[in-house]
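**Q** So here's entry08.txt (compact mmCIF, C-alpha atoms).
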```txt
# COMPACT_ATOMS: atom_id res chain seq x y z
CA MET A 1 -23.30 71.68 -52.90
CA ALA A 2 -20.50 69.91 -51.03
CA ASN A 3 -19.03 66.42 -51.20
CA ILE A 4 -18.28 65.28 -47.65
CA LEU A 5 -16.56 62.19 -46.26
CA ILE A 6 -17.37 61.27 -42.66
CA THR A 7 -15.49 58.37 -41.10
CA GLY A 8 -16.85 56.46 -38.12
CA THR A 9 -20.49 56.81 -39.20
CA ALA A 10 -21.63 53.72 -37.29
CA GLY A 11 -20.18 55.41 -34.21
CA PHE A 12 -21.85 57.88 -31.88
CA ILE A 13 -20.53 61.25 -33.05
CA GLY A 14 -20.17 60.20 -36.68
CA PHE A 15 -23.79 59.03 -36.86
CA HIS A 16 -25.09 62.33 -35.50
CA ASN A 17 -22.88 64.25 -37.91
CA VAL A 18 -24.41 62.37 -40.83
CA LEU A 19 -27.94 63.21 -39.67
CA LYS A 20 -27.00 66.86 -39.17
CA LEU A 21 -25.40 67.32 -42.59
CA LEU A 22 -28.06 65.31 -44.42
CA LYS A 23 -30.54 68.02 -43.49
CA ASN A 24 -29.06 69.96 -46.38
CA PRO A 25 -30.09 67.93 -49.47
CA GLN A 26 -27.30 69.55 -51.46
CA ASN A 27 -24.67 67.79 -49.37
CA GLN A 28 -23.44 64.55 -50.92
CA ILE A 29 -22.16 62.41 -48.05
CA VAL A 30 -20.06 59.27 -48.01
CA GLY A 31 -19.73 57.45 -44.69
CA LEU A 32 -17.39 54.67 -43.70
CA ASP A 33 -16.94 52.43 -40.68
CA ASN A 34 -15.55 48.95 -39.98
CA ILE A 35 -18.37 48.14 -37.48
CA ASN A 36 -15.94 46.49 -35.06
CA ASP A 37 -17.13 44.65 -31.96
CA TYR A 38 -15.52 46.92 -29.34
CA TYR A 39 -19.11 47.37 -28.13
CA ASP A 40 -22.55 46.05 -29.11
CA ILE A 41 -22.69 45.97 -32.91
CA ASP A 42 -26.50 45.91 -32.81
CA LEU A 43 -26.35 49.51 -31.60
CA LYS A 44 -24.05 50.36 -34.50
CA TYR A 45 -26.36 48.68 -36.99
CA GLY A 46 -29.26 50.54 -35.38
CA ARG A 47 -27.54 53.86 -36.07
CA LEU A 48 -26.89 52.85 -39.66
CA GLU A 49 -30.51 51.84 -40.15
CA GLU A 50 -31.63 55.25 -38.89
CA CYS A 51 -29.66 56.59 -41.85
CA GLY A 52 -31.28 54.14 -44.27
CA ILE A 53 -28.46 51.59 -44.44
CA LYS A 54 -29.80 48.05 -44.10
CA LYS A 55 -27.70 45.54 -42.20
CA THR A 56 -28.47 42.76 -44.69
CA GLU A 57 -27.09 44.76 -47.60
CA ILE A 58 -23.74 45.69 -46.05
CA LYS A 59 -20.73 44.03 -47.69
CA TRP A 60 -17.05 44.71 -47.17
CA ASP A 61 -15.62 47.46 -49.36
CA GLN A 62 -18.82 47.88 -51.39
CA PRO A 63 -20.86 51.11 -51.54
CA ILE A 64 -24.38 50.87 -50.09
CA GLN A 65 -26.94 53.48 -51.10
CA SER A 66 -29.20 54.74 -48.32
CA GLU A 67 -32.88 53.91 -48.74
CA ARG A 68 -33.90 57.06 -46.85
CA PHE A 69 -31.44 59.61 -48.17
CA PRO A 70 -30.53 59.73 -51.88
CA ASN A 71 -27.45 61.80 -50.98
CA TYR A 72 -25.88 59.25 -48.60
CA VAL A 73 -23.63 56.28 -49.42
CA PHE A 74 -21.94 53.99 -46.86
CA TYR A 75 -18.87 51.75 -47.02
CA ARG A 76 -17.84 49.09 -44.55
CA THR A 77 -14.06 49.14 -44.65
CA HIS A 78 -10.96 49.36 -42.49
CA LEU A 79 -8.95 52.55 -42.17
CA GLU A 80 -5.86 50.35 -42.45
CA ASN A 81 -6.90 49.36 -45.99
CA LYS A 82 -4.86 52.04 -47.74
CA SER A 83 -5.85 51.14 -51.31
CA GLN A 84 -9.56 51.17 -50.46
CA ILE A 85 -9.29 54.51 -48.65
CA SER A 86 -7.53 55.94 -51.69
CA ARG A 87 -10.26 54.62 -54.02
CA ILE A 88 -13.00 56.16 -51.89
CA PHE A 89 -11.22 59.52 -51.99
CA GLU A 90 -10.68 59.32 -55.73
CA GLU A 91 -14.31 58.51 -56.45
CA GLY A 92 -15.71 60.96 -53.90
CA ASN A 93 -13.80 64.10 -54.92
CA PHE A 94 -14.38 65.39 -51.38
CA ASP A 95 -14.55 69.03 -50.46
CA TYR A 96 -14.50 68.25 -46.74
CA VAL A 97 -13.31 65.31 -44.67
CA ILE A 98 -14.56 64.79 -41.10
CA HIS A 99 -12.43 62.01 -39.63
CA LEU A 100 -14.07 60.61 -36.50
CA ALA A 101 -13.26 56.91 -36.81
CA ALA A 102 -10.85 55.62 -34.16
CA GLN A 103 -10.42 52.93 -31.59
CA ALA A 104 -12.11 54.55 -28.61
CA GLY A 105 -11.88 53.94 -24.88
CA VAL A 106 -9.24 54.77 -22.28
CA ARG A 107 -9.38 51.58 -20.20
CA TYR A 108 -9.51 49.24 -23.22
CA SER A 109 -6.16 50.65 -24.34
CA LEU A 110 -4.58 49.04 -21.27
CA THR A 111 -5.48 45.54 -22.51
CA ASN A 112 -5.51 45.84 -26.31
CA PRO A 113 -2.91 48.43 -27.32
CA GLN A 114 -2.45 47.02 -30.83
CA ALA A 115 -6.00 48.05 -31.80
CA TYR A 116 -5.05 51.67 -31.08
CA ALA A 117 -1.86 51.50 -33.13
CA ASP A 118 -3.73 49.98 -36.09
CA SER A 119 -6.72 52.32 -36.17
CA ASN A 120 -5.50 55.55 -34.61
CA ILE A 121 -1.98 55.64 -36.06
CA THR A 122 -1.94 53.54 -39.27
CA GLY A 123 -5.52 54.45 -40.11
CA PHE A 124 -4.90 58.16 -39.62
CA ILE A 125 -1.78 58.16 -41.79
CA ASN A 126 -3.88 56.64 -44.58
CA ILE A 127 -6.40 59.48 -44.24
CA LEU A 128 -3.60 62.04 -44.30
CA GLU A 129 -2.00 60.44 -47.35
CA ALA A 130 -5.34 60.47 -49.18
CA CYS A 131 -5.78 64.15 -48.29
CA ARG A 132 -2.25 64.80 -49.56
CA GLU A 133 -3.15 63.24 -52.91
CA PHE A 134 -6.71 64.48 -53.41
CA LYS A 135 -6.59 67.89 -51.68
CA PRO A 136 -9.91 68.49 -49.86
CA ARG A 137 -10.64 72.04 -48.76
CA HIS A 138 -10.54 71.06 -45.07
CA LEU A 139 -9.75 68.02 -42.95
CA LEU A 140 -11.28 67.96 -39.48
CA TYR A 141 -10.30 65.11 -37.18
CA ALA A 142 -11.16 63.90 -33.70
CA SER A 143 -8.59 64.48 -31.01
CA SER A 144 -9.61 64.19 -27.36
CA SER A 145 -9.59 65.99 -24.03
CA SER A 146 -7.55 63.02 -22.81
CA VAL A 147 -4.44 64.62 -24.36
CA TYR A 148 -4.33 66.95 -21.33
CA GLY A 149 -3.38 63.89 -19.28
CA ALA A 150 -1.81 64.79 -15.95
CA ASN A 151 -2.43 68.55 -16.35
CA SER A 152 -4.11 70.10 -13.32
CA LYS A 153 -4.44 73.77 -14.38
CA MET A 154 -8.11 74.49 -15.11
CA PRO A 155 -9.76 75.12 -17.46
CA PHE A 156 -7.77 73.22 -20.05
CA SER A 157 -6.54 75.59 -22.76
CA GLU A 158 -5.32 74.76 -26.25
CA GLU A 159 -2.15 76.67 -25.35
CA ASP A 160 -1.31 74.22 -22.54
CA ASN A 161 1.50 71.71 -22.83
CA VAL A 162 0.11 68.22 -23.52
CA ASP A 163 3.26 66.14 -23.23
CA HIS A 164 2.13 64.00 -20.29
CA PRO A 165 -0.60 61.56 -21.43
CA VAL A 166 -1.75 58.97 -18.90
CA SER A 167 -3.18 56.39 -21.31
CA LEU A 168 -2.15 54.93 -24.65
CA TYR A 169 -5.43 56.21 -26.12
CA ALA A 170 -4.39 59.74 -25.16
CA ALA A 171 -0.92 59.18 -26.58
CA THR A 172 -2.36 58.15 -29.96
CA LYS A 173 -4.52 61.29 -30.04
CA LYS A 174 -1.50 63.48 -29.26
CA ALA A 175 0.34 61.63 -32.03
CA ASN A 176 -2.55 62.44 -34.39
CA GLU A 177 -2.12 66.14 -33.66
CA LEU A 178 1.60 65.96 -34.45
CA MET A 179 1.00 63.94 -37.62
CA ALA A 180 -1.68 66.39 -38.76
CA HIS A 181 0.62 69.36 -38.26
CA THR A 182 3.40 67.70 -40.24
CA TYR A 183 1.12 67.10 -43.24
CA SER A 184 -0.36 70.57 -42.98
CA HIS A 185 3.15 72.06 -42.99
CA LEU A 186 4.60 69.89 -45.75
CA PHE A 187 1.64 69.73 -48.11
CA GLU A 188 -0.42 72.82 -47.22
CA ILE A 189 -3.45 70.77 -46.16
CA PRO A 190 -5.91 72.83 -44.07
CA VAL A 191 -6.33 70.71 -40.93
CA THR A 192 -8.31 71.23 -37.71
CA GLY A 193 -8.14 68.99 -34.65
CA LEU A 194 -11.05 68.84 -32.20
CA ARG A 195 -10.47 67.93 -28.56
CA PHE A 196 -13.84 66.48 -27.53
CA PHE A 197 -14.95 66.66 -23.89
CA THR A 198 -17.16 63.80 -22.56
CA VAL A 199 -19.85 63.73 -25.24
CA TYR A 200 -23.22 62.23 -24.28
CA GLY A 201 -26.73 61.91 -25.65
CA PRO A 202 -29.11 59.52 -27.47
CA TRP A 203 -27.42 56.65 -29.34
CA GLY A 204 -24.36 57.07 -27.10
CA ARG A 205 -21.66 54.47 -26.53
CA PRO A 206 -22.38 51.65 -24.03
CA ASP A 207 -18.96 52.10 -22.40
CA MET A 208 -19.71 55.70 -21.39
CA ALA A 209 -20.80 56.61 -17.87
CA ILE A 210 -24.35 57.73 -18.67
CA PHE A 211 -25.08 54.47 -20.51
CA LEU A 212 -23.52 52.25 -17.84
CA PHE A 213 -25.30 54.09 -15.03
CA THR A 214 -28.70 54.11 -16.74
CA LYS A 215 -28.50 50.40 -17.54
CA ALA A 216 -27.43 49.41 -14.03
CA ILE A 217 -30.04 51.58 -12.29
CA GLN A 218 -32.80 50.20 -14.52
CA GLU A 219 -31.70 46.65 -13.69
CA GLY A 220 -31.40 47.35 -9.96
CA LYS A 221 -27.65 46.73 -9.98
CA ALA A 222 -24.95 48.75 -8.26
CA ILE A 223 -23.11 51.33 -10.33
CA LYS A 224 -19.34 51.60 -10.11
CA VAL A 225 -18.42 55.11 -8.97
CA PHE A 226 -14.68 55.60 -9.39
CA ASN A 227 -12.47 57.80 -7.20
CA ASN A 228 -15.27 57.54 -4.63
CA GLY A 229 -17.31 59.96 -6.73
CA GLU A 230 -14.74 62.77 -6.47
CA MET A 231 -14.74 63.34 -10.23
CA MET A 232 -15.82 66.20 -12.49
CA ARG A 233 -16.49 66.04 -16.21
CA ASP A 234 -17.25 68.64 -18.85
CA PHE A 235 -20.31 66.74 -20.12
CA THR A 236 -21.25 68.01 -23.60
CA TYR A 237 -24.51 67.15 -25.35
CA ILE A 238 -24.17 65.61 -28.81
CA ASP A 239 -26.26 68.27 -30.62
CA ASP A 240 -23.92 70.98 -29.33
CA ILE A 241 -20.96 68.98 -30.64
CA VAL A 242 -22.28 68.43 -34.17
CA GLU A 243 -23.43 72.03 -34.43
CA GLY A 244 -19.87 73.10 -33.71
CA ILE A 245 -18.41 70.68 -36.25
CA SER A 246 -20.79 71.74 -39.03
CA ARG A 247 -19.98 75.42 -38.49
CA LEU A 248 -16.25 74.81 -38.31
CA MET A 249 -16.21 72.57 -41.39
CA VAL A 250 -16.64 75.52 -43.75
CA LYS A 251 -13.96 77.59 -41.98
CA PRO A 252 -10.65 75.97 -42.94
CA PRO A 253 -7.65 77.48 -41.15
CA GLN A 254 -5.37 79.79 -43.07
CA ALA A 255 -1.59 79.68 -43.15
CA ASN A 256 0.02 82.47 -41.16
CA PRO A 257 3.66 82.83 -42.23
CA GLU A 258 4.11 85.81 -39.92
CA LEU A 259 3.82 83.64 -36.79
CA THR A 260 7.12 83.48 -34.96
CA THR A 261 8.77 80.10 -34.51
CA SER A 262 10.91 81.32 -31.60
CA SER A 263 8.06 80.71 -29.12
CA PRO A 264 5.52 78.52 -30.94
CA GLN A 265 2.01 77.82 -29.65
CA PRO A 266 0.65 74.26 -29.64
CA ASP A 267 -2.71 75.11 -31.23
CA ILE A 268 -1.77 77.44 -34.09
CA SER A 269 0.97 77.46 -36.69
CA HIS A 270 2.54 79.10 -39.69
CA ALA A 271 0.85 76.19 -41.52
CA PRO A 272 -2.95 76.05 -42.13
CA TYR A 273 -3.46 74.15 -38.88
CA ARG A 274 -5.57 74.68 -35.77
CA ILE A 275 -6.54 72.87 -32.57
CA TYR A 276 -9.78 73.60 -30.68
CA ASN A 277 -11.38 72.39 -27.49
CA ILE A 278 -15.02 71.55 -28.06
CA GLY A 279 -16.91 71.07 -24.83
CA ASN A 280 -19.53 72.55 -22.56
CA SER A 281 -17.04 74.65 -20.59
CA LYS A 282 -19.06 73.92 -17.46
CA PRO A 283 -17.83 70.86 -15.52
CA GLU A 284 -20.33 68.87 -13.49
CA TYR A 285 -19.72 66.78 -10.39
CA LEU A 286 -20.13 63.09 -11.16
CA MET A 287 -22.56 62.70 -8.26
CA ASP A 288 -24.76 65.50 -9.66
CA PHE A 289 -24.73 63.78 -13.03
CA ILE A 290 -25.84 60.54 -11.35
CA SER A 291 -28.61 62.46 -9.55
CA ALA A 292 -29.88 63.74 -12.92
CA ILE A 293 -30.05 60.16 -14.21
CA GLU A 294 -31.89 59.05 -11.06
CA GLU A 295 -34.40 61.87 -11.53
CA ALA A 296 -34.96 61.02 -15.19
CA LEU A 297 -35.45 57.32 -14.38
CA GLY A 298 -37.45 57.86 -11.20
CA LYS A 299 -35.15 55.38 -9.44
CA LYS A 300 -32.33 55.61 -6.93
CA ALA A 301 -28.90 54.18 -7.72
CA LEU A 302 -27.05 51.61 -5.66
CA LYS A 303 -23.53 52.98 -5.53
CA SER A 304 -20.31 50.97 -5.27
CA LEU A 305 -17.54 53.45 -4.45
CA MET A 306 -14.20 52.46 -5.98
CA PRO A 307 -10.67 53.90 -6.32
CA ILE A 308 -9.64 55.77 -9.43
CA GLN A 309 -8.72 53.56 -12.38
CA PRO A 310 -5.41 53.62 -14.30
CA GLY A 311 -5.64 56.12 -17.17
CA ASP A 312 -8.47 58.12 -15.58
CA VAL A 313 -8.22 61.80 -14.71
CA VAL A 314 -10.05 63.46 -11.83
CA LYS A 315 -11.38 66.51 -13.65
CA THR A 316 -11.92 67.84 -17.16
CA TRP A 317 -12.91 71.38 -18.03
CA ALA A 318 -12.67 72.95 -21.47
CA SER A 319 -11.82 76.51 -22.26
CA THR A 320 -13.78 77.14 -25.48
CA GLU A 321 -12.92 80.82 -25.93
CA LYS A 322 -11.02 80.23 -29.17
CA LEU A 323 -13.82 78.18 -30.72
CA ASN A 324 -16.30 80.84 -29.64
CA GLN A 325 -14.21 83.52 -31.33
CA THR A 326 -14.06 81.50 -34.55
CA ILE A 327 -17.65 80.24 -34.93
CA ASP A 328 -19.61 81.85 -32.06
CA TYR A 329 -19.74 78.49 -30.29
CA LYS A 330 -22.00 78.43 -27.24
CA PRO A 331 -23.44 75.07 -26.06
CA VAL A 332 -27.10 75.42 -25.13
CA MET A 333 -28.24 72.06 -23.70
CA PRO A 334 -28.81 72.05 -19.90
CA ILE A 335 -27.49 68.92 -18.22
CA LYS A 336 -30.83 67.74 -16.78
CA LYS A 337 -32.61 68.09 -20.11
CA GLY A 338 -29.79 66.37 -21.97
CA VAL A 339 -29.76 63.47 -19.50
CA LYS A 340 -33.54 63.08 -19.80
CA LEU A 341 -33.29 62.99 -23.60
CA PHE A 342 -30.74 60.19 -23.31
CA VAL A 343 -32.82 58.24 -20.78
CA ASP A 344 -35.96 58.59 -22.93
CA TRP A 345 -34.05 57.26 -25.95
CA TYR A 346 -32.58 54.40 -23.90
CA LYS A 347 -35.96 53.23 -22.66
CA GLU A 348 -37.43 53.37 -26.15
CA PHE A 349 -34.52 51.62 -27.86
CA TYR A 350 -34.46 48.80 -25.30
CA ASN A 351 -38.25 48.63 -24.95
CA GLU A 352 -38.18 49.60 -21.30
```
Show this structure as structure tokens.
**A**
Amino acid sequence: MANILITGTAGFIGFHNVLKLLKNPQNQIVGLDNINDYYDIDLKYGRLEECGIKKTEIKWDQPIQSERFPNYVFYRTHLENKSQISRIFEEGNFDYVIHLAAQAGVRYSLTNPQAYADSNITGFINILEACREFKPRHLLYASSSSVYGANSKMPFSEEDNVDHPVSLYAATKKANELMAHTYSHLFEIPVTGLRFFTVYGPWGRPDMAIFLFTKAIQEGKAIKVFNNGEMMRDFTYIDDIVEGISRLMVKPPQANPELTTSSPQPDISHAPYRIYNIGNSKPEYLMDFISAIEEALGKKALKSLMPIQPGDVVKTWASTEKLNQTIDYKPVMPIKKGVKLFVDWYKEFYNE
């Protein structure tokens, strides 16, 4: 039996993590999310309802018991609400914390930077402070492949320097890694950061490429193809992501006082701290990804070729050797099958 806190459970990855861990009835799970309006809140409420949380019963800072799962409770609250976060930790007595809540989106950070400071910096310090006080066995948190920024050496390795972010979103994720290491070092908190690589699948975010492309193609509208289509992404199916998280959760990092500090590595430490890439380790051309969507929909896309956008990177590609060594991590979902599963969900959810 394990008591688990998952933040961001109205979000894409958090929602799927809840469903994955609820399969074990001995897990007692608490979820939290502020259900902000960065994108369609009906999609967020739809995810919550899949987990037995009724929209009409949700109240701020009050626990809601799932009608489908007796071992799931949900809170609507803000990460910035330090006293409420502390109360949830005190009552939950958590063995594991999976912190996925954050203000997402690279391009949105260009126009609303304060949202990223509030959620990704202030919110994360509140999670770290609660872990300092209540001592879970393991804190896992969401970093991002965006921390690699202007790096061009491929594949991206956890040992690479990540001091050149190209968006504020990426900068906040790099800051999270530094904050996590500090708390791990000072207070011996086992902490693992996960650099996610372009996660996709059913119930995905509307601001992600697969969602935008599917919607536009269905409606007969042109899709915006940035950098004239000369982009590659390490698209990773959601089930492969949550499988990796669930395996890693029960493997907290160990302190290694023998590590030299004369030539430190970014991803490991003398403290109980680790960083992992979690991706497919097989980048796909954006145009091939679009072709898979066209095939799944049975429709051709109208393409509007555009220059690269500020904050975007041309290519992502994860080295996952270290994660493979730790938990035998090997993504299994082929891109065409994963795209079809998303398209099938999209058509069902939107009655198309």
**Q** As an exercise, work out the distance from CA of Asn151 in chain A to CA of Lys315 in chain A in Å and give it to one decimal place.
**A**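 It comes out at 9.6 Å.
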**Q** With distances taken over only C-alpha atoms, which residue among A:Asn227, A:Thr236, A:Gln325, A:Ser304 lies nearest Pro283 in chain A?
**A** A:Thr236
**Q** Find, counting all atoms listed in the file, the residue in A:Glu80, A:Asp95, A:Glu348, A:Glu158 that gets nearest to Pro190 in chain A.
**A**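 Counting all atoms listed in the file, the residue closest to Pro190 in chain A is A:Asp95.
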**Q** Please measure the separation of CA of Val313 in chain A and CA of Gly229 in chain A, giving the value in Å to one decimal.
**A**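 Computing the Euclidean distance for CA of Val313 in chain A and CA of Gly229 in chain A yields 12.2 Å.
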**Q** Write out as a PyMOL selection string which residues come within 9 Å of Gln26 in chain A when counting all atoms listed in the file, dropping same-chain ones fewer than 3 positions away.
**A** chain A and resi 1-3+22-23+71
**Q** As an mmCIF file, keeping the file's coordinate frame, please: range 72-93 of chain A completed to N, CA, C and O atoms.
**A**
```cif
data_model
loop_
_atom_site.group_PDB
_atom_site.id
_atom_site.type_symbol
_atom_site.label_atom_id
_atom_site.label_comp_id
_atom_site.auth_asym_id
_atom_site.auth_seq_id
_atom_site.Cartn_x
_atom_site.Cartn_y
_atom_site.Cartn_z
ATOM 1 N N TYR A 72 -26.750 59.912 -49.572
ATOM 2 C CA TYR A 72 -25.880 59.250 -48.600
ATOM 3 C C TYR A 72 -25.493 57.858 -49.077
ATOM 4 O O TYR A 72 -26.355 57.047 -49.446
ATOM 5 N N VAL A 73 -24.181 57.582 -49.066
ATOM 6 C CA VAL A 73 -23.630 56.280 -49.420
ATOM 7 C C VAL A 73 -22.709 55.833 -48.293
ATOM 8 O O VAL A 73 -21.965 56.654 -47.715
ATOM 9 N N PHE A 74 -22.741 54.527 -47.974
ATOM 10 C CA PHE A 74 -21.940 53.990 -46.860
ATOM 11 C C PHE A 74 -21.032 52.875 -47.350
ATOM 12 O O PHE A 74 -21.407 52.061 -48.194
ATOM 13 N N TYR A 75 -19.811 52.846 -46.803
ATOM 14 C CA TYR A 75 -18.870 51.750 -47.020
ATOM 15 C C TYR A 75 -18.518 51.110 -45.691
ATOM 16 O O TYR A 75 -18.230 51.825 -44.714
ATOM 17 N N ARG A 76 -18.482 49.777 -45.663
ATOM 18 C CA ARG A 76 -17.840 49.090 -44.550
ATOM 19 C C ARG A 76 -16.410 48.758 -44.962
ATOM 20 O O ARG A 76 -16.195 47.980 -45.912
ATOM 21 N N THR A 77 -15.457 49.361 -44.312
ATOM 22 C CA THR A 77 -14.060 49.140 -44.650
ATOM 23 C C THR A 77 -13.176 49.470 -43.464
ATOM 24 O O THR A 77 -13.623 50.092 -42.496
ATOM 25 N N HIS A 78 -11.939 49.059 -43.535
ATOM 26 C CA HIS A 78 -10.960 49.360 -42.490
ATOM 27 C C HIS A 78 -10.128 50.577 -42.878
ATOM 28 O O HIS A 78 -9.718 50.722 -44.038
ATOM 29 N N LEU A 79 -9.859 51.427 -41.923
ATOM 30 C CA LEU A 79 -8.950 52.550 -42.170
ATOM 31 C C LEU A 79 -7.567 52.060 -42.590
ATOM 32 O O LEU A 79 -6.858 52.744 -43.339
ATOM 33 N N GLU A 80 -7.183 50.879 -42.129
ATOM 34 C CA GLU A 80 -5.860 50.350 -42.450
ATOM 35 C C GLU A 80 -5.754 49.901 -43.899
ATOM 36 O O GLU A 80 -4.643 49.636 -44.385
ATOM 37 N N ASN A 81 -6.876 49.784 -44.593
ATOM 38 C CA ASN A 81 -6.900 49.360 -45.990
ATOM 39 C C ASN A 81 -6.581 50.575 -46.876
ATOM 40 O O ASN A 81 -7.470 51.262 -47.371
ATOM 41 N N LYS A 82 -5.295 50.815 -47.082
ATOM 42 C CA LYS A 82 -4.860 52.040 -47.740
ATOM 43 C C LYS A 82 -5.408 52.161 -49.166
ATOM 44 O O LYS A 82 -5.851 53.238 -49.584
ATOM 45 N N SER A 83 -5.382 51.075 -49.923
ATOM 46 C CA SER A 83 -5.850 51.140 -51.310
ATOM 47 C C SER A 83 -7.332 51.457 -51.389
ATOM 48 O O SER A 83 -7.771 52.218 -52.264
ATOM 49 N N GLN A 84 -8.117 50.892 -50.457
ATOM 50 C CA GLN A 84 -9.560 51.170 -50.460
ATOM 51 C C GLN A 84 -9.843 52.618 -50.047
ATOM 52 O O GLN A 84 -10.697 53.282 -50.647
ATOM 53 N N ILE A 85 -9.125 53.109 -49.059
ATOM 54 C CA ILE A 85 -9.290 54.510 -48.650
ATOM 55 C C ILE A 85 -8.972 55.427 -49.825
ATOM 56 O O ILE A 85 -9.693 56.397 -50.113
ATOM 57 N N SER A 86 -7.912 55.123 -50.539
ATOM 58 C CA SER A 86 -7.530 55.940 -51.690
ATOM 59 C C SER A 86 -8.609 55.903 -52.776
ATOM 60 O O SER A 86 -8.933 56.937 -53.379
ATOM 61 N N ARG A 87 -9.185 54.731 -53.007
ATOM 62 C CA ARG A 87 -10.260 54.620 -54.020
ATOM 63 C C ARG A 87 -11.477 55.443 -53.627
ATOM 64 O O ARG A 87 -12.094 56.115 -54.471
ATOM 65 N N ILE A 88 -11.842 55.394 -52.356
ATOM 66 C CA ILE A 88 -13.000 56.160 -51.890
ATOM 67 C C ILE A 88 -12.759 57.654 -52.080
ATOM 68 O O ILE A 88 -13.651 58.386 -52.523
ATOM 69 N N PHE A 89 -11.544 58.105 -51.783
ATOM 70 C CA PHE A 89 -11.220 59.520 -51.990
ATOM 71 C C PHE A 89 -11.257 59.885 -53.471
ATOM 72 O O PHE A 89 -11.771 60.943 -53.850
ATOM 73 N N GLU A 90 -10.715 59.028 -54.297
ATOM 74 C CA GLU A 90 -10.680 59.320 -55.730
ATOM 75 C C GLU A 90 -12.077 59.428 -56.317
ATOM 76 O O GLU A 90 -12.377 60.341 -57.092
ATOM 77 N N GLU A 91 -12.951 58.508 -55.929
ATOM 78 C CA GLU A 91 -14.310 58.510 -56.450
ATOM 79 C C GLU A 91 -15.156 59.629 -55.846
ATOM 80 O O GLU A 91 -16.057 60.163 -56.503
ATOM 81 N N GLY A 92 -14.859 59.994 -54.592
ATOM 82 C CA GLY A 92 -15.710 60.960 -53.900
ATOM 83 C C GLY A 92 -15.428 62.407 -54.211
ATOM 84 O O GLY A 92 -16.304 63.257 -54.059
ATOM 85 N N ASN A 93 -14.165 62.709 -54.618
ATOM 86 C CA ASN A 93 -13.800 64.100 -54.920
ATOM 87 C C ASN A 93 -14.266 65.025 -53.794
ATOM 88 O O ASN A 93 -14.993 65.999 -54.004
#
```
